[in-house]
Structures are given as C-alpha cells and as structure tokens.
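Chemist: So I've got this file, work-v6.csv, and it contains CSV, C-alpha atoms and all ligand atoms:
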```csv
chain,number,residue,atom,x,y,z
A,1,MET,CA,-39.6,17.7,42.7
A,2,GLY,CA,-37.8,19.9,45.3
A,3,ARG,CA,-37.1,23.6,44.6
A,4,THR,CA,-33.5,23.1,43.7
A,5,GLN,CA,-34.3,20.4,41.1
A,6,LEU,CA,-37.0,22.5,39.6
A,7,HIS,CA,-34.7,25.5,39.4
A,8,LYS,CA,-32.2,23.3,37.6
A,9,CYS,CA,-34.7,22.0,35.0
A,10,ILE,CA,-35.7,25.5,33.9
A,11,PRO,CA,-32.4,26.5,32.2
A,12,ALA,CA,-32.2,22.9,30.8
A,13,VAL,CA,-35.5,23.3,29.1
A,14,ALA,CA,-34.8,26.7,27.7
A,15,ALA,CA,-31.4,25.6,26.4
A,16,SER,CA,-33.0,22.5,24.9
A,17,ARG,CA,-35.0,24.7,22.6
A,18,THR,CA,-31.9,26.4,21.4
A,19,GLN,CA,-30.3,23.1,21.0
A,20,ARG,CA,-33.2,21.7,18.9
A,21,ARG,CA,-32.9,24.7,16.6
A,22,GLY,CA,-29.3,23.7,16.0
A,23,GLU,CA,-30.3,20.1,15.7
A,24,GLU,CA,-30.1,19.9,11.9
A,25,ARG,CA,-27.0,22.0,11.7
A,26,ARG,CA,-25.0,19.7,14.0
A,27,GLY,CA,-27.0,16.5,13.6
A,28,ILE,CA,-27.8,16.4,17.3
A,29,SER,CA,-30.6,14.2,18.4
A,30,PHE,CA,-32.6,14.8,21.5
A,31,ARG,CA,-35.6,12.9,22.8
A,32,LYS,CA,-38.2,13.2,25.6
A,33,LYS,CA,-37.4,11.4,28.8
A,34,ARG,CA,-38.7,7.9,28.8
A,35,GLY,CA,-42.3,7.7,29.9
A,36,GLU,CA,-42.7,11.5,29.9
A,37,GLY,CA,-44.1,12.2,26.5
A,38,GLY,CA,-46.7,14.9,25.7
A,39,ALA,CA,-46.7,18.6,26.6
A,40,GLY,CA,-45.7,17.9,30.2
A,41,GLY,CA,-42.6,16.0,29.3
A,42,GLU,CA,-40.4,19.1,28.9
A,43,GLU,CA,-37.2,17.6,30.4
A,44,VAL,CA,-35.1,16.2,27.5
A,45,GLU,CA,-32.4,13.6,27.5
A,46,MET,CA,-29.1,14.3,26.0
A,47,GLU,CA,-26.5,11.6,25.3
A,48,VAL,CA,-23.1,12.3,26.7
A,49,GLY,CA,-19.9,10.4,27.0
A,50,PHE,CA,-17.9,10.5,30.2
A,51,LEU,CA,-14.2,9.6,30.3
A,52,GLY,CA,-12.6,9.1,33.8
A,53,LEU,CA,-14.5,7.8,36.8
A,54,GLY,CA,-12.3,8.8,39.6
A,55,ILE,CA,-13.5,10.7,42.7
A,56,MET,CA,-14.9,13.6,40.6
A,57,GLY,CA,-15.9,11.8,37.4
A,58,LYS,CA,-17.9,9.2,39.2
A,59,ALA,CA,-19.9,11.8,41.1
A,60,MET,CA,-20.4,14.0,38.0
A,61,ALA,CA,-21.5,11.1,35.7
A,62,THR,CA,-23.9,9.9,38.5
A,63,ASN,CA,-25.4,13.3,38.6
A,64,LEU,CA,-26.0,13.4,34.9
A,65,LEU,CA,-27.7,10.0,35.0
A,66,ARG,CA,-29.9,11.2,37.9
A,67,HIS,CA,-31.0,14.1,35.8
A,68,GLY,CA,-32.1,11.9,32.9
A,69,TYR,CA,-29.1,12.1,30.7
A,70,ARG,CA,-28.1,9.0,28.8
A,71,VAL,CA,-24.4,8.5,29.7
A,72,THR,CA,-21.8,6.3,28.1
A,73,VAL,CA,-18.8,5.9,30.3
A,74,TRP,CA,-15.2,4.8,30.0
A,75,ASN,CA,-12.5,4.5,32.6
A,76,ARG,CA,-8.9,3.2,32.2
A,77,THR,CA,-9.6,0.7,35.0
A,78,ILE,CA,-12.7,-0.5,33.3
A,79,ALA,CA,-14.1,-2.3,36.4
A,80,LYS,CA,-14.9,1.1,37.8
A,81,CYS,CA,-17.6,1.5,35.2
A,82,GLN,CA,-19.8,-1.1,36.9
A,83,GLU,CA,-21.1,1.2,39.6
A,84,LEU,CA,-22.3,3.5,36.8
A,85,VAL,CA,-23.8,0.7,34.8
A,86,ALA,CA,-25.9,-0.2,37.8
A,87,LEU,CA,-27.3,3.4,37.7
A,88,GLY,CA,-28.1,3.1,34.0
A,89,ALA,CA,-24.9,4.0,32.1
A,90,THR,CA,-23.6,2.1,29.2
A,91,VAL,CA,-19.9,1.4,28.7
A,92,GLY,CA,-17.7,2.3,25.8
A,93,GLU,CA,-14.6,0.0,25.4
A,94,THR,CA,-12.3,2.9,24.5
A,95,PRO,CA,-12.3,6.7,24.5
A,96,ALA,CA,-12.7,6.5,20.7
A,97,ALA,CA,-15.7,4.2,21.0
A,98,VAL,CA,-17.4,6.7,23.4
A,99,VAL,CA,-16.8,9.6,21.1
A,100,ALA,CA,-18.1,7.6,18.1
A,101,LYS,CA,-21.3,7.0,20.0
A,102,CYS,CA,-21.9,10.4,21.6
A,103,ARG,CA,-22.2,13.9,20.2
A,104,TYR,CA,-20.7,15.3,23.4
A,105,THR,CA,-17.9,13.7,25.5
A,106,ILE,CA,-16.8,15.0,28.9
A,107,ALA,CA,-13.4,14.1,30.4
A,108,MET,CA,-12.3,14.3,34.1
A,109,LEU,CA,-8.8,12.9,34.3
A,110,SER,CA,-6.0,13.2,36.8
A,111,ASP,CA,-3.4,15.4,35.1
A,112,PRO,CA,-1.9,16.7,31.9
A,113,SER,CA,-0.3,13.4,31.0
A,114,ALA,CA,-3.6,11.5,31.4
A,115,ALA,CA,-5.6,14.2,29.5
A,116,LEU,CA,-3.1,14.0,26.6
A,117,SER,CA,-3.0,10.2,26.6
A,118,VAL,CA,-6.8,9.9,26.3
A,119,VAL,CA,-6.9,12.2,23.3
A,120,PHE,CA,-3.7,11.4,21.4
A,121,ASP,CA,-3.0,7.7,22.1
A,122,LYS,CA,-4.3,4.7,20.2
A,123,ASP,CA,-8.1,4.3,20.5
A,124,GLY,CA,-8.1,7.9,21.8
A,125,VAL,CA,-10.6,10.7,21.3
A,126,LEU,CA,-8.9,12.1,18.2
A,127,GLU,CA,-9.7,8.9,16.2
A,128,GLN,CA,-13.4,9.7,16.3
A,129,ILE,CA,-13.8,13.4,17.0
A,130,GLY,CA,-15.0,15.4,14.0
A,131,ASP,CA,-17.7,17.6,12.5
A,132,GLY,CA,-20.7,18.0,14.8
A,133,LYS,CA,-19.0,16.5,17.9
A,134,GLY,CA,-17.9,18.3,21.0
A,135,TYR,CA,-15.2,17.4,23.5
A,136,ILE,CA,-15.2,19.0,27.0
A,137,ASP,CA,-12.2,18.5,29.2
A,138,MET,CA,-13.0,19.3,32.9
A,139,SER,CA,-9.7,18.0,34.3
A,140,THR,CA,-7.3,20.5,36.0
A,141,VAL,CA,-4.4,20.9,33.5
A,142,ASP,CA,-2.2,23.8,32.4
A,143,ALA,CA,-3.1,26.1,29.5
A,144,ALA,CA,-0.5,24.5,27.1
A,145,THR,CA,-2.0,21.1,27.5
A,146,SER,CA,-5.5,22.5,26.9
A,147,SER,CA,-4.3,24.4,23.8
A,148,LYS,CA,-2.7,21.3,22.4
A,149,ILE,CA,-5.9,19.3,22.8
A,150,SER,CA,-8.0,22.2,21.4
A,151,GLU,CA,-5.9,22.6,18.3
A,152,ALA,CA,-6.0,18.8,17.6
A,153,VAL,CA,-9.8,18.6,18.1
A,154,LYS,CA,-10.4,21.6,15.9
A,155,GLN,CA,-8.1,20.3,13.2
A,156,LYS,CA,-10.4,17.3,13.0
A,157,GLY,CA,-13.5,19.5,12.7
A,158,GLY,CA,-14.7,19.1,16.3
A,159,ALA,CA,-15.4,21.7,18.9
A,160,PHE,CA,-13.5,22.0,22.3
A,161,VAL,CA,-14.2,23.5,25.6
A,162,GLU,CA,-12.0,23.4,28.7
A,163,ALA,CA,-14.1,23.5,31.8
A,164,PRO,CA,-12.1,22.8,35.0
A,165,VAL,CA,-14.1,23.0,38.2
A,166,SER,CA,-13.8,24.5,41.7
A,167,GLY,CA,-15.4,22.3,44.4
A,168,SER,CA,-14.6,18.8,45.5
A,169,LYS,CA,-16.3,15.4,46.0
A,170,LYS,CA,-19.4,16.6,47.9
A,171,PRO,CA,-20.1,19.6,45.6
A,172,ALA,CA,-19.7,17.2,42.7
A,173,GLU,CA,-22.2,14.8,44.2
A,174,ASP,CA,-24.6,17.7,45.0
A,175,GLY,CA,-24.3,19.5,41.6
A,176,GLN,CA,-22.7,22.5,43.3
A,177,LEU,CA,-19.5,22.8,41.4
A,178,VAL,CA,-18.2,26.1,40.0
A,179,ILE,CA,-17.3,25.7,36.3
A,180,LEU,CA,-14.5,27.7,34.7
A,181,ALA,CA,-15.0,27.3,31.0
A,182,ALA,CA,-13.3,28.7,27.9
A,183,GLY,CA,-13.0,27.9,24.3
A,184,ASP,CA,-15.7,27.3,21.7
A,185,LYS,CA,-18.6,29.5,22.7
A,186,THR,CA,-21.2,27.6,20.7
A,187,LEU,CA,-20.2,24.3,22.3
A,188,TYR,CA,-20.2,26.1,25.7
A,189,ASP,CA,-23.8,27.3,25.1
A,190,GLU,CA,-24.9,23.8,24.1
A,191,MET,CA,-23.4,22.4,27.3
A,192,VAL,CA,-25.1,24.9,29.6
A,193,PRO,CA,-27.9,22.4,30.5
A,194,ALA,CA,-25.4,19.8,31.6
A,195,PHE,CA,-23.3,22.4,33.4
A,196,ASP,CA,-26.4,23.5,35.2
A,197,VAL,CA,-26.8,19.9,36.5
A,198,LEU,CA,-23.1,19.6,37.5
A,199,GLY,CA,-22.6,23.0,39.0
A,200,LYS,CA,-24.2,26.0,40.8
A,201,LYS,CA,-22.5,28.5,38.5
A,202,SER,CA,-20.5,28.5,35.3
A,203,PHE,CA,-18.2,31.2,34.0
A,204,PHE,CA,-17.3,31.5,30.3
A,205,LEU,CA,-13.8,33.0,30.4
A,206,GLY,CA,-13.0,33.5,26.7
A,207,GLU,CA,-10.1,32.0,24.9
A,208,ILE,CA,-8.7,28.5,25.6
A,209,GLY,CA,-6.3,28.6,28.5
A,210,ASN,CA,-8.2,31.1,30.6
A,211,GLY,CA,-10.2,28.4,32.3
A,212,ALA,CA,-7.1,26.4,33.1
A,213,LYS,CA,-5.3,29.5,34.4
A,214,MET,CA,-8.2,30.6,36.6
A,215,LYS,CA,-8.4,27.1,38.1
A,216,LEU,CA,-4.7,27.0,38.8
A,217,VAL,CA,-4.8,30.5,40.5
A,218,VAL,CA,-7.7,29.4,42.7
A,219,ASN,CA,-6.0,26.1,43.7
A,220,MET,CA,-2.7,27.9,44.3
A,221,ILE,CA,-4.4,30.1,46.9
A,222,MET,CA,-6.2,27.1,48.4
A,223,GLY,CA,-2.9,25.1,48.8
A,224,SER,CA,-1.3,28.0,50.5
A,225,MET,CA,-4.3,28.5,52.8
A,226,MET,CA,-4.1,24.8,53.7
A,227,ASN,CA,-0.5,25.2,54.7
A,228,SER,CA,-1.2,28.3,56.7
A,229,LEU,CA,-4.1,26.5,58.6
A,230,SER,CA,-1.8,23.6,59.3
A,231,GLU,CA,0.9,25.9,60.7
A,232,GLY,CA,-1.7,27.7,62.8
A,233,LEU,CA,-3.1,24.5,64.3
A,234,CYS,CA,0.5,23.4,65.2
A,235,LEU,CA,1.4,26.8,66.7
A,236,ALA,CA,-1.8,26.8,68.8
A,237,ASP,CA,-1.1,23.3,70.0
A,238,LYS,CA,2.6,23.9,70.8
A,239,SER,CA,2.0,27.1,72.5
A,240,GLY,CA,-0.5,25.6,74.9
A,241,LEU,CA,-3.8,26.6,73.1
A,242,SER,CA,-6.6,24.3,72.1
A,243,PRO,CA,-6.5,23.8,68.2
A,244,GLN,CA,-10.3,23.2,68.3
A,245,THR,CA,-10.8,26.6,70.0
A,246,LEU,CA,-8.6,28.1,67.3
A,247,LEU,CA,-11.0,26.6,64.7
A,248,ASP,CA,-14.0,28.1,66.6
A,249,VAL,CA,-12.4,31.5,66.7
A,250,LEU,CA,-11.4,31.4,63.0
A,251,ASP,CA,-15.0,30.4,62.1
A,252,LEU,CA,-16.4,33.6,63.6
A,253,GLY,CA,-14.0,36.1,62.1
A,254,ALA,CA,-13.1,37.7,58.8
A,255,ILE,CA,-11.1,34.6,57.6
A,256,ALA,CA,-13.9,32.1,58.2
A,257,ASN,CA,-14.3,29.8,55.1
A,258,PRO,CA,-15.9,26.5,54.2
A,259,MET,CA,-12.5,24.8,53.8
A,260,PHE,CA,-11.3,25.5,57.3
A,261,LYS,CA,-14.7,24.6,58.7
A,262,LEU,CA,-14.9,21.3,56.8
A,263,LYS,CA,-11.3,20.1,57.0
A,264,GLY,CA,-10.1,21.5,60.3
A,265,PRO,CA,-12.0,19.1,62.6
A,266,ALA,CA,-11.0,16.1,60.5
A,267,MET,CA,-7.3,17.2,60.5
A,268,LEU,CA,-7.4,17.3,64.3
A,269,GLN,CA,-8.7,13.7,64.2
A,270,GLY,CA,-5.9,12.7,61.8
A,271,SER,CA,-8.6,11.7,59.3
A,272,TYR,CA,-7.6,12.2,55.7
A,273,SER,CA,-10.1,10.2,53.6
A,274,PRO,CA,-9.4,11.7,50.2
A,275,ALA,CA,-11.9,14.2,48.7
A,276,PHE,CA,-9.1,16.0,46.9
A,277,PRO,CA,-6.0,13.8,46.7
A,278,LEU,CA,-2.8,15.5,47.9
A,279,LYS,CA,-0.9,14.4,44.7
A,280,HIS,CA,-3.4,16.4,42.6
A,281,GLN,CA,-3.0,19.5,44.8
A,282,GLN,CA,0.7,19.3,44.4
A,283,LYS,CA,0.3,19.0,40.7
A,284,ASP,CA,-1.8,22.2,40.7
A,285,MET,CA,0.8,24.0,42.8
A,286,ARG,CA,3.5,22.9,40.4
A,287,LEU,CA,1.5,24.1,37.4
A,288,ALA,CA,0.6,27.4,39.1
A,289,LEU,CA,4.2,28.0,39.9
A,290,ALA,CA,5.1,27.4,36.2
A,291,LEU,CA,2.5,29.9,35.3
A,292,GLY,CA,4.1,32.3,37.7
A,293,ASP,CA,7.5,31.6,36.0
A,294,GLU,CA,6.0,32.4,32.6
A,295,ASN,CA,4.6,35.7,33.8
A,296,ALA,CA,7.6,36.6,36.1
A,297,VAL,CA,5.3,36.7,39.2
A,298,SER,CA,7.2,36.1,42.4
A,299,MET,CA,5.2,33.6,44.6
A,300,PRO,CA,7.3,32.7,47.6
A,301,VAL,CA,4.3,31.7,49.7
A,302,SER,CA,3.1,29.3,47.1
A,303,ALA,CA,6.6,27.9,46.5
A,304,ALA,CA,6.9,27.1,50.2
A,305,ALA,CA,3.5,25.5,50.2
A,306,ASN,CA,4.5,23.4,47.2
A,307,GLU,CA,7.5,22.2,49.1
A,308,ALA,CA,5.3,20.9,51.9
A,309,PHE,CA,3.1,19.1,49.5
A,310,LYS,CA,6.1,17.6,47.8
A,311,LYS,CA,7.4,16.4,51.1
A,312,ALA,CA,4.1,14.9,51.9
A,313,ARG,CA,4.2,13.0,48.6
A,314,SER,CA,7.7,11.8,49.4
A,315,LEU,CA,6.4,10.4,52.7
A,316,GLY,CA,3.7,8.4,50.8
A,317,LEU,CA,0.7,10.7,51.6
A,318,GLY,CA,-0.1,11.4,47.9
A,319,ASP,CA,-3.4,9.4,47.8
A,320,LEU,CA,-4.7,11.0,51.1
A,321,ASP,CA,-6.7,14.2,51.2
A,322,PHE,CA,-4.6,17.3,50.6
A,323,SER,CA,-5.2,18.3,54.2
A,324,ALA,CA,-2.7,15.5,55.1
A,325,VAL,CA,0.0,18.1,54.6
A,326,TYR,CA,-0.8,18.9,58.2
A,327,GLU,CA,1.2,15.7,59.1
A,328,VAL,CA,4.3,17.2,57.4
A,329,VAL,CA,3.8,20.5,59.2
A,330,LYS,CA,3.5,18.6,62.5
A,331,GLY,CA,6.7,16.8,61.6
A,332,ALA,CA,5.0,13.4,61.4
A,333,GLY,CA,5.2,11.1,58.4
A,334,GLY,CA,3.4,8.3,56.7
A,335,SER,CA,3.7,5.4,54.3
A,336,GLY,CA,2.0,4.6,51.1
A,337,GLN,CA,2.0,5.8,47.5
A,338,ALA,CA,3.5,9.1,46.5
A,401,LIG,N1,-11.0,15.6,43.9
A,401,LIG,C1,-11.3,16.9,43.9
A,401,LIG,O1,-11.7,17.4,44.9
A,401,LIG,C2,-11.1,17.7,42.6
A,401,LIG,C3,-10.3,17.3,41.6
A,401,LIG,N2,-10.2,18.1,40.5
A,401,LIG,C4,-9.4,17.7,39.3
A,401,LIG,O2,-10.2,16.8,38.6
A,401,LIG,C5,-9.4,15.8,38.0
A,401,LIG,C6,-9.8,14.4,38.6
A,401,LIG,O3,-9.7,14.4,40.0
A,401,LIG,P1,-10.1,13.2,40.9
A,401,LIG,O4,-11.4,12.6,40.3
A,401,LIG,O5,-10.1,13.6,42.2
A,401,LIG,O6,-8.9,12.2,40.6
A,401,LIG,P2,-8.8,10.6,40.8
A,401,LIG,O7,-7.4,10.3,41.1
A,401,LIG,O8,-9.8,10.1,41.7
A,401,LIG,O9,-9.2,10.0,39.3
A,401,LIG,C7,-8.3,10.2,38.3
A,401,LIG,C8,-8.9,9.6,37.0
A,401,LIG,O10,-8.0,9.8,35.9
A,401,LIG,C9,-7.8,8.5,35.3
A,401,LIG,N3,-6.4,8.4,34.8
A,401,LIG,C10,-5.3,8.6,35.4
A,401,LIG,N4,-4.2,8.5,34.6
A,401,LIG,C11,-4.7,8.1,33.4
A,401,LIG,C12,-4.2,7.8,32.2
A,401,LIG,N5,-2.9,7.8,31.9
A,401,LIG,N6,-5.0,7.4,31.2
A,401,LIG,C13,-6.3,7.4,31.4
A,401,LIG,N7,-6.9,7.7,32.5
A,401,LIG,C14,-6.1,8.0,33.5
A,401,LIG,C15,-8.0,7.5,36.5
A,401,LIG,O11,-8.3,6.2,36.0
A,401,LIG,P3,-8.0,4.9,36.9
A,401,LIG,O12,-9.3,4.7,37.6
A,401,LIG,O13,-7.8,3.8,35.9
A,401,LIG,O14,-6.9,5.2,37.8
A,401,LIG,C16,-9.3,8.2,37.1
A,401,LIG,O15,-10.4,7.9,36.3
A,401,LIG,C17,-7.9,16.1,38.4
A,401,LIG,O16,-7.4,16.9,37.4
A,401,LIG,C18,-8.1,17.0,39.7
A,401,LIG,O17,-7.0,17.9,39.8
A,401,LIG,C19,-10.9,19.3,40.4
A,401,LIG,C20,-11.6,19.7,41.4
A,401,LIG,C21,-11.8,19.0,42.6
A,402,LIG,O1,-9.3,21.0,42.6
A,402,LIG,C1,-9.8,20.8,43.6
A,402,LIG,C2,-10.6,21.8,44.3
A,402,LIG,C3,-11.1,21.3,45.6
A,402,LIG,C4,-12.1,22.4,46.1
A,402,LIG,O2,-12.4,23.4,45.5
A,402,LIG,O3,-12.6,22.2,47.3
```
What's the structure tokens form of this structure?

Modeler:
Amino acid sequence: MGRTQLHKCIPAVAASRTQRRGEERRGISFRKKRGEGGAGGEEVEMEVGFLGLGIMGKAMATNLLRHGYRVTVWNRTIAKCQELVALGATVGETPAAVVAKCRYTIAMLSDPSAALSVVFDKDGVLEQIGDGKGYIDMSTVDAATSSKISEAVKQKGGAFVEAPVSGSKKPAEDGQLVILAAGDKTLYDEMVPAFDVLGKKSFFLGEIGNGAKMKLVVNMIMGSMMNSLSEGLCLADKSGLSPQTLLDVLDLGAIANPMFKLKGPAMLQGSYSPAFPLKHQQKDMRLALALGDENAVSMPVSAAANEAFKKARSLGLGDLDFSAVYEVVKGAGGSGQA
C-alpha cells in the first residue's frame, strides 16, 4: 500500500469505530472487507448508493469501489452503469430502489432540475428515504434547490447533506476533490470516511445552502479567470507575441495557477475534450449571478464572462470543456449541442 492510500485508510478506520457505536441507533451495518478478517482486517466496507454516472459520478463511484466500498449505482441512461458493474458495482433500477437498498446514497447530477427530478419524481429518492437513511447531494446547485431537497428528506425522517466539490475529472479520479459540505452534522461525520476517499479535504460549512453558495462563488471566480486567460492569449497573439511564451511567463509569476497551467496549452491546440463541460460552467455563472442579485452585489466581470459562455453555448460548444470559451473570445465558432 502506498503512502497516500495508507493515509486515507487511517481516518476511515477511526471513523468506522464511531460509526459502529451508532450502528444500533441508525441500524447501520458494516462488515470487514472480504478476505480480510481478524485483527488485521481494519478496513471496513460501507454500502453506498450512487446516482448519476457522468464525468464526475463515474470517477467518484469508481474510487469508492477501489477503496472497498460496496456501491449500488443508478444512472438515467442505464447503459452507463455497465462500466461500474465490471468494477464490482451492482445496479439499482431506480433512485428509489437504490435508496431502499443503501443506508447512504450520494448523487452527482448535472443541475438543479436533474437534482430535483431524481428526488421528487416517480421512483425518486423521496419514495424510500426515511429514518436511519442519509442522502448526500454533491451536484452543483443553488441554495434554494438544496433547501427544497433538504426539507423534503427531513420531513420523511431522513438526513441530508449537500456536498458540492471543487476539482474536476482528474482530481475526482485521484480522490483529490475539495468537498464543501453543509447540513446534517451527524450525517456529515458519518460520511467523513467516504469523503476522505473522494477528496483531499472536506469543509463543513454549517447550515444548508452554505456549501452550494461557496461552490458557486468559487466557480464564478473560475469562469471569470478562464475568460481573462482567453482574452490574454488573444491579445498576445494579435499583438505579435507568442501565446505559449505568455503561458510560460504567467506560470512563473504571482498569478500562476493549476488551471492556466493545465488548460492553457490545450487551448492553444484547440483541444477541448470535456473535463468540466461548458454548459455546466455557464449554469454555475447563472446561479452565481442570481446569488449576486439576491444580495445586491454588483458583479460586472462575472456578468460579462457569463455572456461569453452563453455565446459559446449558442454556437454549440456546450458539451466541450469550458475552456472552449476561448473560441468565442477569438471570434471563432463551432457546431454541436448547446
Ligand atoms: N465535470 C467537472 O469538472 C465538475 C462538475 N461538477 C458538477 O457536478 C455535476 C455533474 O457534473 P458532470 O459529471 O461533469 O456532468 P455530466 O454532464 O457528465 O453528467 C451529468 C449527470 O447527470 C445526469 N442527469 C442529467 N439530467 C438528468 C435528469 N433530468 N434526471 C436524471 N439524471 C440526469 C446525467 O445522466 P445521463 O447519463 O443519462 O445523461 C449524468 O449522469 C454538475 O452539477 C457539475 O456542475 C462539479 C465539479 C467539477
Ligand atoms: O465545478 C467544476 C469545477 C472544476 C474545477 O474545480 O476544476
């Protein structure tokens, strides 16, 4: 076992003891990992449900499986479950069926409308959530959506945590996400072992809505930075400078950051394989601007960035990586789905 893995098992083991103490209270069952009985078999399995196997959900559910969790998955396009089945997951036919089977169910869905649909529609989460069960929504949504889900889950006797994440496809694959949680603190504590697998750090931010808001503020800044980088690359190019040299200069100075370093070279190649789809970045700008409206915060930079992402969607670039906004800034276009 490598150092990183060992490090991640330690909180999992500690938390598992707390969980076992609460076992009778919440009717939670844990068992030793198959073939690792006896004193040495400290790593426990925990059964979790996982709803939504898009770019992020697939990587996160895979990570949980790799760390010995038993995972029951569901995805609207059910065929996408097969890759996870090959890794040891089982499939639930509906969100309700997953919740019926699992004490804890995590969701990672595209937007507020998807998050609400999976909970409130027929065969949804609400049909089976109840006493002793926890629902954890890690999708990026607005605080109002999260509150609506939280109230409904609580009314049924269940517990709810919102836990959107910072970090994209690769951090999700590597268990390096930053988790921005809020809501039921007991459920949060119970989820810490799983959060330790999924992420490098989790924050508990208090009441429902705070996780959603923090995530939107972060992504609003990120979207504006991506526009600014795009304009800088264009300006360098049009004024006779090498855009690659600009990236090299940026990387050595005070505004060096992993996003410029990762995305910049790919943008210069016109390569926009989606890690974070542009349509989701535009959704986050829209939701962040609404939060600005509610709080009377003037955000002209973000509003302009949102316009560029909207334009990109109108040109059919929505399914590409959000860095494809560079094509709009360059004055180029595209075709495909908004
Ligand atoms: N990609 C990234 O870098 C990051 C994304 N996020 C956030 O995580 C969430 C997921 O992102 P990502 O995985 O990239 O998105 P994807 O577009 O890859 O996946 C979206 C998922 O939502 C499902 N879905 C969409 N609409 C519905 C619906 N009406 N009912 C049920 N399921 C639905 C899709 O199912 P189907 O397969 O059937 O279409 C799919 O499983 C988003 O909120 C995003 O903003 C957060 C951090 C980083
Ligand atoms: O919501 C997506 C965030 C992407 C990232 O943090 O790199």

Chemist: As an exercise, work out the distance from atom CA of Met225 of chain A to atom C21 of ligand LIG 401 (chain A) in Å and give it to one decimal place.

Modeler: 15.8 Å

Chemist: Mind listing the residues within 8 Å of ligand LIG 401 (chain A), all atoms listed in the file counted, as number ranges by chain?

Modeler: A: 51-58, 75-78, 80, 108-115, 117-118, 138-141, 164-169, 274-277, 280-281, 283-284, 319

Chemist: Hey, what's within 12 Å of segment 259-263 of chain A if we count all atoms listed in the file and toss same-chain stuff fewer than 2 positions away? As a VMD selection string, please?

Modeler: chain A and resid 167 to 168 170 221 to 223 225 to 230 232 to 233 244 246 to 253 255 to 257 265 to 276 321 to 326

Chemist: Keeping only C-alpha atoms, write the selected residues as a CSV table (one decimal), in the coordinates of the input.

Modeler:
```csv
chain,number,residue,atom,x,y,z
A,167,GLY,CA,-15.4,22.3,44.4
A,168,SER,CA,-14.6,18.8,45.5
A,170,LYS,CA,-19.4,16.6,47.9
A,221,ILE,CA,-4.4,30.1,46.9
A,222,MET,CA,-6.2,27.1,48.4
A,223,GLY,CA,-2.9,25.1,48.8
A,225,MET,CA,-4.3,28.5,52.8
A,226,MET,CA,-4.1,24.8,53.7
A,227,ASN,CA,-0.5,25.2,54.7
A,228,SER,CA,-1.2,28.3,56.7
A,229,LEU,CA,-4.1,26.5,58.6
A,230,SER,CA,-1.8,23.6,59.3
A,232,GLY,CA,-1.7,27.7,62.8
A,233,LEU,CA,-3.1,24.5,64.3
A,244,GLN,CA,-10.3,23.2,68.3
A,246,LEU,CA,-8.6,28.1,67.3
A,247,LEU,CA,-11.0,26.6,64.7
A,248,ASP,CA,-14.0,28.1,66.6
A,249,VAL,CA,-12.4,31.5,66.7
A,250,LEU,CA,-11.4,31.4,63.0
A,251,ASP,CA,-15.0,30.4,62.1
A,252,LEU,CA,-16.4,33.6,63.6
A,253,GLY,CA,-14.0,36.1,62.1
A,255,ILE,CA,-11.1,34.6,57.6
A,256,ALA,CA,-13.9,32.1,58.2
A,257,ASN,CA,-14.3,29.8,55.1
A,265,PRO,CA,-12.0,19.1,62.6
A,266,ALA,CA,-11.0,16.1,60.5
A,267,MET,CA,-7.3,17.2,60.5
A,268,LEU,CA,-7.4,17.3,64.3
A,269,GLN,CA,-8.7,13.7,64.2
A,270,GLY,CA,-5.9,12.7,61.8
A,271,SER,CA,-8.6,11.7,59.3
A,272,TYR,CA,-7.6,12.2,55.7
A,273,SER,CA,-10.1,10.2,53.6
A,274,PRO,CA,-9.4,11.7,50.2
A,275,ALA,CA,-11.9,14.2,48.7
A,276,PHE,CA,-9.1,16.0,46.9
A,321,ASP,CA,-6.7,14.2,51.2
A,322,PHE,CA,-4.6,17.3,50.6
A,323,SER,CA,-5.2,18.3,54.2
A,324,ALA,CA,-2.7,15.5,55.1
A,325,VAL,CA,0.0,18.1,54.6
A,326,TYR,CA,-0.8,18.9,58.2
```

Chemist: Which is closest to ligand LIG 402 (chain A) among A:Ala308, A:Leu126, A:Leu198, A:Ala172, if we use all atoms listed in the file?

Modeler: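 Result for the nearest residue to ligand LIG 402 (chain A): A:Ala172.
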
Chemist: Determine, counting only C-alpha atoms, every residue of protein, DNA or RNA that lies within 12 Å of (-25.4, 6.4, 38.0) in the file coordinates, then give the result as a PyMOL selection string.

Modeler: chain A and resi 50+53+57-73+80-91+173

Chemist: Could you state the separation of atom CA of Ile136 of chain A and atom CA of Ser150 of chain A in Å, given to one decimal place?

Modeler: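 Spanning atom CA of Ile136 of chain A to atom CA of Ser150 of chain A is a straight-line distance of 9.7 Å.
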
Chemist: What does the distance between atom CA of Ala212 of chain A and atom CA of Ala182 of chain A come to in Å, to one decimal place?

Modeler: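 Computed distance, atom CA of Ala212 of chain A to atom CA of Ala182 of chain A, equals 8.4 Å.
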
Chemist: Have a look at A:Leu216, A:Ala312, A:Ala288, A:Cys234 and name the one nearest to ligand LIG 402 (chain A); count all atoms listed in the file.

Modeler: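 Closest to ligand LIG 402 (chain A), using all atoms listed in the file: A:Leu216.
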
Chemist: Can you list, as a ChimeraX atom specification, every protein, DNA or RNA residue that comes within 6 Å of Gly124 of chain A when you count all atoms listed in the file, leaving out same-chain residues fewer than 5 positions away?

Modeler: /A:95-96,118-119

Chemist: At most 9 Å from (-12.2, 22.7, 24.2), file frame, all atoms listed in the file: which residues, as a PyMOL selection string?

Modeler: chain A and resi 134-137+146-147+149-151+153-154+159-163+181-184+187-188+208

Chemist: Just checking: using all atoms listed in the file, which residue out of A:Met299, A:Val218, A:Ala305, A:Leu317 ends up closest to ligand LIG 402 (chain A)?

Modeler: A:Val218

Chemist: Which is closer to Leu289 of chain A than all the others in A:Gly209, A:Lys156, A:Asp142, A:Ile179, using all atoms listed in the file?

Modeler: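 Residue with the minimum atom-to-atom distance to Leu289 of chain A: A:Asp142.
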
Chemist: Using all atoms listed in the file, pick whichever of A:Lys201, A:Lys148, A:Lys215, A:Lys122 has the shortest atom-to-atom distance to ligand LIG 402 (chain A).

Modeler: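 Closest to ligand LIG 402 (chain A) of all the choices is A:Lys215.
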
Chemist: Please determine, counting only C-alpha atoms and all ligand atoms, which residue among A:Gly292, A:Pro300, A:Gly211, A:Pro258 has the shortest atom-to-atom distance to ligand LIG 402 (chain A).

Modeler: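 Among A:Gly292, A:Pro300, A:Gly211, A:Pro258, it is A:Pro258 that comes nearest to ligand LIG 402 (chain A).
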